[in-house]
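Data file: work15.json. Format and content: JSON, C-alpha atoms and all ligand atoms.
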```
[["chain", "number", "residue", "atom", "x", "y", "z"],
["L", 1, "MET", "CA", 94.54, 98.24, 126.86],
["L", 2, "SER", "CA", 92.88, 100.10, 129.73],
["L", 3, "LEU", "CA", 89.48, 99.52, 131.30],
["L", 4, "GLU", "CA", 88.28, 102.84, 129.83],
["L", 5, "VAL", "CA", 89.12, 101.66, 126.30],
["L", 6, "ALA", "CA", 87.63, 98.20, 126.91],
["L", 7, "ILE", "CA", 84.22, 99.64, 127.85],
["L", 8, "GLU", "CA", 84.19, 102.73, 125.66],
["L", 9, "ASN", "CA", 80.80, 102.77, 123.87],
["L", 10, "TYR", "CA", 80.12, 99.31, 125.36],
["L", 11, "GLY", "CA", 76.60, 98.12, 124.67],
["L", 12, "ARG", "CA", 75.84, 94.70, 123.15],
["L", 13, "GLU", "CA", 72.94, 92.49, 122.16],
["L", 14, "PHE", "CA", 72.95, 88.77, 123.00],
["L", 15, "PRO", "CA", 70.52, 86.03, 121.96],
["L", 16, "LEU", "CA", 69.14, 84.00, 124.89],
["L", 17, "LYS", "CA", 68.19, 80.32, 124.86],
["L", 18, "ASN", "CA", 64.47, 81.23, 124.64],
["L", 19, "GLY", "CA", 64.99, 83.19, 121.42],
["L", 20, "ARG", "CA", 64.74, 86.63, 123.03],
["L", 21, "THR", "CA", 67.54, 89.17, 122.80],
["L", 22, "CYS", "CA", 68.97, 90.95, 125.81],
["L", 23, "HIS", "CA", 70.86, 94.20, 125.82],
["L", 24, "VAL", "CA", 73.96, 94.44, 128.02],
["L", 25, "ARG", "CA", 75.62, 97.66, 129.13],
["L", 26, "PRO", "CA", 77.31, 99.20, 132.19],
["L", 27, "LEU", "CA", 75.19, 100.69, 135.01],
["L", 28, "GLY", "CA", 74.25, 104.32, 134.43],
["L", 29, "VAL", "CA", 72.96, 107.11, 136.70],
["L", 30, "ALA", "CA", 69.42, 106.70, 135.34],
["L", 31, "ASP", "CA", 69.20, 102.95, 136.21],
["L", 32, "GLU", "CA", 68.36, 103.47, 139.89],
["L", 33, "LYS", "CA", 64.67, 102.47, 139.77],
["L", 34, "ALA", "CA", 65.15, 99.55, 137.35],
["L", 35, "LEU", "CA", 68.01, 98.11, 139.41],
["L", 36, "HIS", "CA", 66.11, 98.53, 142.66],
["L", 37, "ARG", "CA", 63.10, 96.70, 141.12],
["L", 38, "PHE", "CA", 65.46, 93.89, 140.08],
["L", 39, "PHE", "CA", 66.74, 93.37, 143.63],
["L", 40, "LEU", "CA", 63.19, 93.53, 145.08],
["L", 41, "ASN", "CA", 62.40, 90.50, 142.90],
["L", 42, "LEU", "CA", 65.19, 88.29, 144.28],
["L", 43, "PRO", "CA", 64.11, 85.54, 146.72],
["L", 44, "ALA", "CA", 64.60, 86.42, 150.40],
["L", 45, "PRO", "CA", 67.10, 83.58, 151.09],
["L", 46, "GLU", "CA", 69.32, 84.92, 148.29],
["L", 47, "LEU", "CA", 69.06, 88.50, 149.57],
["L", 48, "MET", "CA", 70.42, 87.24, 152.91],
["L", 49, "LEU", "CA", 73.66, 86.33, 151.11],
["L", 50, "ILE", "CA", 74.21, 89.73, 149.45],
["L", 51, "LYS", "CA", 76.66, 91.92, 151.33],
["L", 52, "HIS", "CA", 74.64, 95.13, 150.91],
["L", 53, "ARG", "CA", 71.03, 95.99, 151.78],
["L", 54, "VAL", "CA", 70.06, 96.14, 148.13],
["L", 55, "THR", "CA", 66.30, 96.31, 148.73],
["L", 56, "GLU", "CA", 66.81, 99.78, 150.25],
["L", 57, "LEU", "CA", 66.47, 102.42, 147.54],
["L", 58, "LYS", "CA", 69.07, 104.64, 149.21],
["L", 59, "VAL", "CA", 71.72, 101.94, 148.77],
["L", 60, "ILE", "CA", 71.04, 101.72, 145.02],
["L", 61, "HIS", "CA", 70.80, 105.52, 144.80],
["L", 62, "GLU", "CA", 74.28, 105.78, 146.32],
["L", 63, "TRP", "CA", 75.64, 103.20, 143.83],
["L", 64, "CYS", "CA", 74.18, 105.11, 140.87],
["L", 65, "GLN", "CA", 75.43, 108.47, 142.13],
["L", 66, "SER", "CA", 79.01, 107.33, 142.77],
["L", 67, "ILE", "CA", 79.77, 105.26, 139.69],
["L", 68, "ASP", "CA", 83.48, 104.43, 139.41],
["L", 69, "TYR", "CA", 83.95, 101.65, 136.85],
["L", 70, "GLY", "CA", 87.62, 101.33, 137.83],
["L", 71, "ARG", "CA", 86.48, 100.03, 141.23],
["L", 72, "ASN", "CA", 83.09, 98.48, 140.47],
["L", 73, "LEU", "CA", 81.95, 97.79, 136.93],
["L", 74, "PRO", "CA", 78.34, 96.54, 137.02],
["L", 75, "LEU", "CA", 77.14, 95.12, 133.68],
["L", 76, "LEU", "CA", 73.35, 95.09, 133.46],
["L", 77, "ALA", "CA", 71.34, 92.77, 131.22],
["L", 78, "PHE", "CA", 68.02, 94.24, 130.04],
["L", 79, "LEU", "CA", 64.93, 92.70, 128.49],
["L", 80, "GLY", "CA", 63.07, 95.79, 127.36],
["L", 81, "ASP", "CA", 63.21, 98.25, 130.26],
["L", 82, "ASP", "CA", 63.65, 95.54, 132.88],
["L", 83, "VAL", "CA", 66.97, 94.61, 134.45],
["L", 84, "VAL", "CA", 67.09, 90.80, 134.39],
["L", 85, "GLY", "CA", 70.70, 90.25, 135.44],
["L", 86, "ILE", "CA", 73.71, 92.00, 136.90],
["L", 87, "ALA", "CA", 77.35, 91.00, 137.09],
["L", 88, "THR", "CA", 80.02, 93.21, 138.62],
["L", 89, "LEU", "CA", 83.79, 93.34, 138.25],
["L", 90, "HIS", "CA", 85.36, 94.68, 141.46],
["L", 91, "GLN", "CA", 88.94, 95.95, 141.50],
["L", 92, "GLN", "CA", 91.29, 97.38, 144.08],
["L", 93, "HIS", "CA", 93.61, 100.25, 143.28],
["L", 94, "GLY", "CA", 97.03, 99.35, 144.63],
["L", 95, "GLY", "CA", 97.91, 96.80, 147.25],
["L", 96, "TRP", "CA", 98.55, 93.07, 147.13],
["L", 97, "LYS", "CA", 95.47, 92.34, 145.09],
["L", 98, "ARG", "CA", 95.77, 95.07, 142.46],
["L", 99, "HIS", "CA", 96.20, 92.45, 139.71],
["L", 100, "ILE", "CA", 93.17, 90.43, 140.84],
["L", 101, "GLY", "CA", 89.59, 91.24, 139.93],
["L", 102, "ARG", "CA", 86.53, 89.81, 141.68],
["L", 103, "VAL", "CA", 83.24, 89.06, 139.99],
["L", 104, "SER", "CA", 79.73, 88.48, 141.30],
["L", 105, "VAL", "CA", 76.50, 87.74, 139.42],
["L", 106, "HIS", "CA", 72.75, 87.63, 140.02],
["L", 107, "VAL", "CA", 70.00, 86.72, 137.59],
["L", 108, "HIS", "CA", 66.25, 87.34, 137.98],
["L", 109, "PRO", "CA", 64.66, 84.01, 139.00],
["L", 110, "ALA", "CA", 62.21, 84.12, 136.06],
["L", 111, "HIS", "CA", 65.07, 84.36, 133.57],
["L", 112, "ARG", "CA", 67.45, 81.68, 134.82],
["L", 113, "GLY", "CA", 68.74, 78.84, 132.68],
["L", 114, "LEU", "CA", 68.83, 81.07, 129.58],
["L", 115, "GLY", "CA", 72.58, 81.65, 129.55],
["L", 116, "LEU", "CA", 72.44, 85.13, 131.12],
["L", 117, "ALA", "CA", 74.93, 84.58, 133.95],
["L", 118, "ARG", "CA", 77.34, 82.82, 131.67],
["L", 119, "LEU", "CA", 77.32, 85.61, 129.08],
["L", 120, "LEU", "CA", 77.69, 88.35, 131.70],
["L", 121, "ILE", "CA", 80.65, 86.63, 133.34],
["L", 122, "VAL", "CA", 82.28, 85.86, 129.98],
["L", 123, "GLU", "CA", 81.97, 89.56, 129.10],
["L", 124, "LEU", "CA", 83.52, 90.64, 132.40],
["L", 125, "ILE", "CA", 86.37, 88.13, 132.01],
["L", 126, "ASP", "CA", 87.08, 89.62, 128.59],
["L", 127, "ILE", "CA", 87.02, 93.18, 129.93],
["L", 128, "ALA", "CA", 89.25, 92.17, 132.87],
["L", 129, "ARG", "CA", 91.74, 90.56, 130.50],
["L", 130, "GLN", "CA", 91.76, 93.60, 128.20],
["L", 131, "SER", "CA", 92.32, 95.92, 131.14],
["L", 132, "GLY", "CA", 95.41, 94.01, 132.26],
["L", 133, "LEU", "CA", 94.14, 92.03, 135.25],
["L", 134, "LYS", "CA", 95.94, 88.70, 135.76],
["L", 135, "LYS", "CA", 93.46, 86.78, 137.87],
["L", 136, "ILE", "CA", 89.76, 86.73, 138.65],
["L", 137, "GLU", "CA", 88.20, 85.55, 141.89],
["L", 138, "ALA", "CA", 84.61, 84.77, 142.82],
["L", 139, "GLU", "CA", 83.31, 84.31, 146.37],
["L", 140, "PHE", "CA", 80.58, 81.89, 147.39],
["L", 141, "ILE", "CA", 78.71, 80.44, 150.28],
["L", 142, "ALA", "CA", 79.34, 76.70, 149.81],
["L", 143, "LYS", "CA", 75.62, 76.00, 149.37],
["L", 144, "GLN", "CA", 75.46, 78.17, 146.20],
["L", 145, "GLU", "CA", 75.99, 74.94, 144.28],
["L", 146, "ASN", "CA", 74.46, 76.07, 140.97],
["L", 147, "ALA", "CA", 76.68, 79.12, 140.87],
["L", 148, "ILE", "CA", 79.78, 77.08, 141.79],
["L", 149, "ARG", "CA", 78.95, 74.61, 139.00],
["L", 150, "MET", "CA", 78.54, 77.45, 136.51],
["L", 151, "PHE", "CA", 81.87, 79.03, 137.43],
["L", 152, "SER", "CA", 83.57, 75.62, 137.16],
["L", 153, "LEU", "CA", 82.19, 75.30, 133.63],
["L", 154, "LEU", "CA", 83.80, 78.66, 132.85],
["L", 155, "GLY", "CA", 87.21, 77.39, 133.99],
["L", 156, "PHE", "CA", 87.28, 78.62, 137.60],
["L", 157, "SER", "CA", 88.66, 76.23, 140.21],
["L", 158, "GLN", "CA", 88.40, 76.23, 144.00],
["L", 159, "LEU", "CA", 91.19, 78.19, 145.72],
["L", 160, "PHE", "CA", 90.09, 77.47, 149.27],
["L", 161, "CYS", "CA", 87.10, 76.76, 151.47],
["L", 162, "LEU", "CA", 86.86, 77.88, 155.11],
["L", 163, "PRO", "CA", 84.23, 76.07, 157.20],
["L", 164, "ASP", "CA", 81.72, 78.28, 159.10],
["L", 165, "TYR", "CA", 83.75, 81.36, 158.24],
["L", 166, "VAL", "CA", 81.24, 84.01, 157.10],
["L", 167, "LYS", "CA", 77.92, 85.31, 158.42],
["L", 168, "ASP", "CA", 74.90, 86.20, 156.31],
["L", 169, "MET", "CA", 72.60, 89.19, 156.96],
["L", 170, "GLN", "CA", 70.78, 87.06, 159.59],
["L", 171, "ALA", "CA", 74.09, 86.33, 161.34],
["L", 172, "LEU", "CA", 73.99, 82.63, 160.36],
["L", 173, "THR", "CA", 77.44, 81.22, 159.64],
["L", 174, "HIS", "CA", 78.30, 79.51, 156.34],
["L", 175, "ASP", "CA", 81.26, 77.82, 154.70],
["L", 176, "TYR", "CA", 83.16, 80.41, 152.62],
["L", 177, "LEU", "CA", 84.48, 79.27, 149.26],
["L", 178, "VAL", "CA", 86.68, 81.21, 146.84],
["L", 179, "MET", "CA", 87.22, 80.19, 143.21],
["L", 180, "GLY", "CA", 89.83, 81.63, 140.85],
["L", 181, "LEU", "CA", 90.73, 81.87, 137.18],
["L", 182, "ASP", "CA", 94.09, 82.83, 135.65],
["L", 183, "LEU", "CA", 93.75, 85.26, 132.76],
["L", 184, "ILE", "CA", 95.81, 85.33, 129.61],
["L", 185, "THR", "CA", 96.31, 88.86, 128.31],
["L", 186, "ASP", "CA", 95.88, 89.96, 124.67],
["L", 187, "GLU", "CA", 99.67, 90.27, 124.39],
["L", 188, "GLU", "CA", 100.18, 86.72, 125.69],
["L", 189, "TYR", "CA", 97.57, 85.44, 123.21],
["L", 190, "ALA", "CA", 99.39, 87.23, 120.39],
["L", 191, "GLY", "CA", 102.68, 85.60, 121.41],
["L", 192, "MET", "CA", 101.18, 82.11, 121.26],
["L", 193, "GLY", "CA", 100.77, 81.84, 117.47],
["I", 1, "LIG", "C1", 73.78, 81.06, 139.69],
["I", 1, "LIG", "C2", 73.05, 82.00, 138.75],
["I", 1, "LIG", "C3", 73.83, 83.29, 138.62],
["I", 1, "LIG", "C4", 72.94, 81.30, 137.38],
["I", 1, "LIG", "O1", 72.32, 82.19, 136.47],
["I", 1, "LIG", "P1", 71.71, 81.68, 135.08],
["I", 1, "LIG", "O2", 71.53, 82.86, 134.19],
["I", 1, "LIG", "O3", 70.52, 80.85, 135.33],
["I", 1, "LIG", "O4", 72.91, 80.75, 134.54],
["I", 1, "LIG", "P2", 73.11, 80.32, 133.03],
["I", 1, "LIG", "O5", 71.78, 80.12, 132.38],
["I", 1, "LIG", "O6", 74.06, 81.26, 132.37],
["I", 1, "LIG", "O7", 73.81, 78.92, 133.21],
["I", 1, "LIG", "C5", 75.18, 78.72, 133.08],
["I", 1, "LIG", "C6", 75.52, 77.29, 133.41],
["I", 1, "LIG", "O8", 75.36, 77.05, 134.81],
["I", 1, "LIG", "C7", 74.69, 75.80, 135.03],
["I", 1, "LIG", "N1", 73.49, 76.08, 135.80],
["I", 1, "LIG", "C8", 72.90, 77.28, 135.98],
["I", 1, "LIG", "N2", 71.80, 77.15, 136.75],
["I", 1, "LIG", "C9", 71.70, 75.84, 137.05],
["I", 1, "LIG", "C10", 70.77, 75.08, 137.82],
["I", 1, "LIG", "N3", 69.72, 75.63, 138.43],
["I", 1, "LIG", "N4", 71.00, 73.75, 137.91],
["I", 1, "LIG", "C11", 72.05, 73.18, 137.30],
["I", 1, "LIG", "N5", 72.95, 73.85, 136.56],
["I", 1, "LIG", "C12", 72.77, 75.15, 136.45],
["I", 1, "LIG", "C13", 74.35, 75.22, 133.70],
["I", 1, "LIG", "O9", 75.23, 74.13, 133.54],
["I", 1, "LIG", "C14", 74.66, 76.28, 132.69],
["I", 1, "LIG", "O10", 75.45, 75.75, 131.66],
["I", 1, "LIG", "P3", 74.87, 75.64, 130.18],
["I", 1, "LIG", "O11", 74.72, 77.07, 129.73],
["I", 1, "LIG", "O12", 75.93, 74.90, 129.44],
["I", 1, "LIG", "O13", 73.57, 74.92, 130.27],
["I", 1, "LIG", "C15", 71.61, 82.30, 139.26],
["I", 1, "LIG", "O14", 70.99, 81.09, 139.60],
["I", 1, "LIG", "C16", 71.58, 83.24, 140.45],
["I", 1, "LIG", "O15", 71.45, 84.46, 140.29],
["I", 1, "LIG", "N6", 71.71, 82.67, 141.69],
["I", 1, "LIG", "C17", 71.71, 83.47, 142.91],
["I", 1, "LIG", "C18", 72.96, 84.32, 143.06],
["I", 1, "LIG", "C19", 74.24, 83.53, 143.09],
["I", 1, "LIG", "O16", 74.33, 82.42, 143.61],
["I", 1, "LIG", "N7", 75.27, 84.18, 142.57],
["I", 1, "LIG", "C20", 76.61, 83.62, 142.54],
["I", 1, "LIG", "C21", 77.46, 84.24, 143.59],
["I", 1, "LIG", "S1", 78.68, 85.25, 142.84]]
```
Represent the supplied structure as structure tokens.
Ligand SMILES: CC(C)(COP(=O)(O)OP(=O)(O)OC[C@H]1O[C@@H](n2cnc3c(N)ncnc32)[C@H](O)[C@@H]1OP(=O)(O)O)[C@@H](O)C(=O)NCCC(=O)NCCS
Amino acid sequence: MSLEVAIENYGREFPLKNGRTCHVRPLGVADEKALHRFFLNLPAPELMLIKHRVTELKVIHEWCQSIDYGRNLPLLAFLGDDVVGIATLHQQHGGWKRHIGRVSVHVHPAHRGLGLARLLIVELIDIARQSGLKKIEAEFIAKQENAIRMFSLLGFSQLFCLPDYVKDMQALTHDYLVMGLDLITDEEYAGMG
């Protein structure tokens, strides 16, 4: 199955641990303001670790104007009109890593611990598997311990850790850690019975 088929008409409701229901769907052109508001609400130390200047409206405008799900598939979680979480599946067309997807996730601080990150990543893993990817990676700064724990719970394991390897937006160096997960495709599942 292709990515296009996997996300055709994609839009789902999920119950959260507090009893509320969130709506999950891919980023659309009209989400610019809601997504920008979401990033403005992230704590400054976390913004330092994001690779793009996401508090600048022009950055989000560019993302919304040049949507290409085959390269970047952002899944947004909404409570009402508010974006409360985002997880993105990044892919490369061609090259050594064409069979490997990369995921990242951020959840609004007021809505953490409700299962949002887990459900977004589980959805992206499913989409990645359906679209034929063989592996998923996730990148971390070693001090993102909560995130590393969450990915471990989802079956990811550490691939490598490079001490003082990357720099944040303030040019401070951090240990760089990459986790990975092997995917089983639908066809491989079918052959297991
Ligand atoms: C890490 C992050 C994405 C977790 O989001 P979340 O929606 O609160 O996570 P969930 O509620 O889905 O929790 C999933 C699991 O992670 C663990 N976990 C999450 N937050 C935790 C915390 N603060 N302390 C301990 N464990 C935690 C829990 O074990 C939980 O498992 P459970 O569902 O069985 O209880 C969120 O804290 C965040 O946005 N952090 C900043 C960005 C970041 O570090 N992103 C990762 C880089 S890709």
Handout entry: Length of the atom CA of Leu42 of chain L to atom CA of Arg71 of chain L vector [Å]
Key =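 Here the two named atoms are 24.5 Å from each other.
Interatomic distance, atom CA of Ser104 of chain L against atom CA of Val5 of chain L: 22.1 Å.
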Practice task
Would you mind listing what lies within 12 Å of Lys17 of chain L as number ranges by chain, with all atoms listed in the file counted and same-chain residues fewer than 4 positions away left out?
Solution key: L: 21-22, 111-116, 118-119
Exercise for the section: May I have the residues within 7 Å of segment 57-69 of chain L as a list in words, using all atoms listed in the file and disregarding those fewer than 4 positions away in the same chain? Expected result: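 Once the nearby chain positions are removed, what remains is Gly28, Val29, Glu32, His36, Arg53 and Leu73 of chain L.
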Exercise for the section: Check every protein, DNA and RNA residue against ligand LIG 1 (chain I), keep those with an atom at most 10 Å away (counting only C-alpha atoms and all ligand atoms), and present them as a count of residues only. Expected result: 55
Practice task
Find, counting all atoms listed in the file, the residue in L:Met48, L:Thr55, L:Leu27, L:His90 that gets nearest to Ala171 of chain L.
Solution key: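 Looking only at the distances to Ala171 of chain L, the closest residue turns out to be L:Met48.
Between atom CA of Lys51 of chain L and atom CA of Lys167 of chain L lies a distance of 9.8 Å.
Proximity to His174 of chain L was assessed for L:Gly191, L:Glu8, L:Leu162, L:Asn72 counting only C-alpha atoms; the smallest distance is recorded for L:Leu162.
Closest approach to Val83 of chain L among L:Lys135, L:Arg129, L:Arg37, L:Arg20: L:Arg37, based on all atoms listed in the file.
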Build an axis-aligned box that encloses every atom of segment 129-147 of chain L listed in the file, pad it by 8 Å on each side, and report its centre and edge lengths in Å to one decimal, as AutoDock Vina command-line options.
```
--center_x 85.2 --center_y 85.4 --center_z 139.2 --size_x 37.5 --size_y 37.0 --size_z 38.1
```
Got a sec: who's within 7 Å of Asp164 of chain L, counting only C-alpha atoms, leaving out chain neighbours fewer than 6 positions off, as a PDB file with C-alpha atoms, in the frame of the given file?
```
ATOM      1  CA  THR L 173      77.440  81.220 159.640  1.00  0.00           C
ATOM      2  CA  HIS L 174      78.300  79.510 156.340  1.00  0.00           C
ATOM      3  CA  ASP L 175      81.260  77.820 154.700  1.00  0.00           C
ATOM      4  CA  TYR L 176      83.160  80.410 152.620  1.00  0.00           C
TER       5      TYR L 176
END
```
Practice task
Do a neighbour search on Arg25 of chain L at 9 Å with all atoms listed in the file, toss out local chain neighbours closer than 5 positions, and write the hits as a PyMOL selection string.
Solution key: chain L and resi 7+9-12+74-78
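Of the residues under consideration (L:Phe156, L:Tyr165, L:Phe39, L:Trp96), L:Phe156 shows the shortest atom-to-atom contact distance to Leu183 of chain L when counting only C-alpha atoms.
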For segment 152-163 of chain L of the structure just presented, write all heavy atoms to a file, as a PDB file, in the first residue's frame.
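That gives us part01.pdb:
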```
ATOM      1  N   SER L 152      10.914   3.961  24.159  1.00  0.00           N
ATOM      2  CA  SER L 152      11.297   2.603  24.578  1.00  0.00           C
ATOM      3  C   SER L 152      10.053   1.759  24.794  1.00  0.00           C
ATOM      4  O   SER L 152       9.993   0.593  24.394  1.00  0.00           O
ATOM      5  CB  SER L 152      12.087   2.623  25.885  1.00  0.00           C
ATOM      6  OG  SER L 152      13.210   3.428  25.766  1.00  0.00           O
ATOM      7  N   LEU L 153       9.042   2.357  25.446  1.00  0.00           N
ATOM      8  CA  LEU L 153       7.793   1.630  25.713  1.00  0.00           C
ATOM      9  C   LEU L 153       7.111   1.214  24.410  1.00  0.00           C
ATOM     10  O   LEU L 153       6.374   0.238  24.367  1.00  0.00           O
ATOM     11  CB  LEU L 153       6.834   2.501  26.534  1.00  0.00           C
ATOM     12  CG  LEU L 153       7.225   2.743  27.987  1.00  0.00           C
ATOM     13  CD1 LEU L 153       6.364   3.832  28.622  1.00  0.00           C
ATOM     14  CD2 LEU L 153       7.101   1.439  28.775  1.00  0.00           C
ATOM     15  N   LEU L 154       7.359   1.970  23.349  1.00  0.00           N
ATOM     16  CA  LEU L 154       6.749   1.643  22.048  1.00  0.00           C
ATOM     17  C   LEU L 154       7.604   0.661  21.244  1.00  0.00           C
ATOM     18  O   LEU L 154       7.273   0.350  20.108  1.00  0.00           O
ATOM     19  CB  LEU L 154       6.515   2.927  21.238  1.00  0.00           C
ATOM     20  CG  LEU L 154       5.405   3.836  21.771  1.00  0.00           C
ATOM     21  CD1 LEU L 154       5.355   5.148  21.003  1.00  0.00           C
ATOM     22  CD2 LEU L 154       4.064   3.125  21.691  1.00  0.00           C
ATOM     23  N   GLY L 155       8.714   0.206  21.827  1.00  0.00           N
ATOM     24  CA  GLY L 155       9.527  -0.815  21.165  1.00  0.00           C
ATOM     25  C   GLY L 155      10.798  -0.298  20.518  1.00  0.00           C
ATOM     26  O   GLY L 155      11.571  -1.077  19.949  1.00  0.00           O
ATOM     27  N   PHE L 156      11.029   1.009  20.574  1.00  0.00           N
ATOM     28  CA  PHE L 156      12.270   1.557  20.004  1.00  0.00           C
ATOM     29  C   PHE L 156      13.444   1.205  20.917  1.00  0.00           C
ATOM     30  O   PHE L 156      13.295   1.135  22.136  1.00  0.00           O
ATOM     31  CB  PHE L 156      12.188   3.086  19.919  1.00  0.00           C
ATOM     32  CG  PHE L 156      11.329   3.625  18.801  1.00  0.00           C
ATOM     33  CD1 PHE L 156       9.943   3.551  18.876  1.00  0.00           C
ATOM     34  CD2 PHE L 156      11.894   4.220  17.688  1.00  0.00           C
ATOM     35  CE1 PHE L 156       9.145   4.060  17.857  1.00  0.00           C
ATOM     36  CE2 PHE L 156      11.110   4.722  16.667  1.00  0.00           C
ATOM     37  CZ  PHE L 156       9.731   4.645  16.747  1.00  0.00           C
ATOM     38  N   SER L 157      14.623   0.993  20.315  1.00  0.00           N
ATOM     39  CA  SER L 157      15.817   0.792  21.132  1.00  0.00           C
ATOM     40  C   SER L 157      16.930   1.722  20.640  1.00  0.00           C
ATOM     41  O   SER L 157      16.903   2.185  19.487  1.00  0.00           O
ATOM     42  CB  SER L 157      16.275  -0.664  21.079  1.00  0.00           C
ATOM     43  OG  SER L 157      16.435  -1.048  19.744  1.00  0.00           O
ATOM     44  N   GLN L 158      17.880   1.977  21.519  1.00  0.00           N
ATOM     45  CA  GLN L 158      18.959   2.921  21.168  1.00  0.00           C
ATOM     46  C   GLN L 158      19.845   2.352  20.066  1.00  0.00           C
ATOM     47  O   GLN L 158      20.315   1.225  20.157  1.00  0.00           O
ATOM     48  CB  GLN L 158      19.794   3.228  22.406  1.00  0.00           C
ATOM     49  CG  GLN L 158      20.915   4.224  22.129  1.00  0.00           C
ATOM     50  CD  GLN L 158      21.677   4.603  23.383  1.00  0.00           C
ATOM     51  OE1 GLN L 158      21.107   4.787  24.455  1.00  0.00           O
ATOM     52  NE2 GLN L 158      22.985   4.716  23.257  1.00  0.00           N
ATOM     53  N   LEU L 159      20.066   3.135  19.004  1.00  0.00           N
ATOM     54  CA  LEU L 159      20.977   2.716  17.925  1.00  0.00           C
ATOM     55  C   LEU L 159      22.387   3.196  18.222  1.00  0.00           C
ATOM     56  O   LEU L 159      23.358   2.488  18.037  1.00  0.00           O
ATOM     57  CB  LEU L 159      20.515   3.275  16.579  1.00  0.00           C
ATOM     58  CG  LEU L 159      19.125   2.819  16.091  1.00  0.00           C
ATOM     59  CD1 LEU L 159      18.791   3.481  14.764  1.00  0.00           C
ATOM     60  CD2 LEU L 159      19.087   1.297  15.964  1.00  0.00           C
ATOM     61  N   PHE L 160      22.482   4.463  18.652  1.00  0.00           N
ATOM     62  CA  PHE L 160      23.799   4.991  19.037  1.00  0.00           C
ATOM     63  C   PHE L 160      23.612   6.287  19.805  1.00  0.00           C
ATOM     64  O   PHE L 160      22.551   6.907  19.756  1.00  0.00           O
ATOM     65  CB  PHE L 160      24.710   5.225  17.823  1.00  0.00           C
ATOM     66  CG  PHE L 160      24.159   6.171  16.797  1.00  0.00           C
ATOM     67  CD1 PHE L 160      24.302   7.545  16.923  1.00  0.00           C
ATOM     68  CD2 PHE L 160      23.494   5.683  15.682  1.00  0.00           C
ATOM     69  CE1 PHE L 160      23.798   8.406  15.976  1.00  0.00           C
ATOM     70  CE2 PHE L 160      22.982   6.543  14.715  1.00  0.00           C
ATOM     71  CZ  PHE L 160      23.130   7.907  14.875  1.00  0.00           C
ATOM     72  N   CYS L 161      24.676   6.660  20.506  1.00  0.00           N
ATOM     73  CA  CYS L 161      24.670   7.936  21.235  1.00  0.00           C
ATOM     74  C   CYS L 161      26.041   8.577  21.055  1.00  0.00           C
ATOM     75  O   CYS L 161      27.064   7.924  21.293  1.00  0.00           O
ATOM     76  CB  CYS L 161      24.390   7.701  22.721  1.00  0.00           C
ATOM     77  SG  CYS L 161      24.339   9.224  23.668  1.00  0.00           S
ATOM     78  N   LEU L 162      26.083   9.809  20.575  1.00  0.00           N
ATOM     79  CA  LEU L 162      27.348  10.505  20.332  1.00  0.00           C
ATOM     80  C   LEU L 162      27.481  11.664  21.329  1.00  0.00           C
ATOM     81  O   LEU L 162      26.684  12.608  21.284  1.00  0.00           O
ATOM     82  CB  LEU L 162      27.389  11.033  18.899  1.00  0.00           C
ATOM     83  CG  LEU L 162      27.196   9.995  17.789  1.00  0.00           C
ATOM     84  CD1 LEU L 162      27.115  10.678  16.428  1.00  0.00           C
ATOM     85  CD2 LEU L 162      28.331   8.976  17.804  1.00  0.00           C
ATOM     86  N   PRO L 163      28.469  11.586  22.215  1.00  0.00           N
ATOM     87  CA  PRO L 163      28.614  12.631  23.239  1.00  0.00           C
ATOM     88  C   PRO L 163      28.916  14.003  22.629  1.00  0.00           C
ATOM     89  O   PRO L 163      29.707  14.105  21.670  1.00  0.00           O
ATOM     90  CB  PRO L 163      29.809  12.146  24.081  1.00  0.00           C
ATOM     91  CG  PRO L 163      29.964  10.698  23.757  1.00  0.00           C
ATOM     92  CD  PRO L 163      29.457  10.514  22.362  1.00  0.00           C
TER      93      PRO L 163
END
```
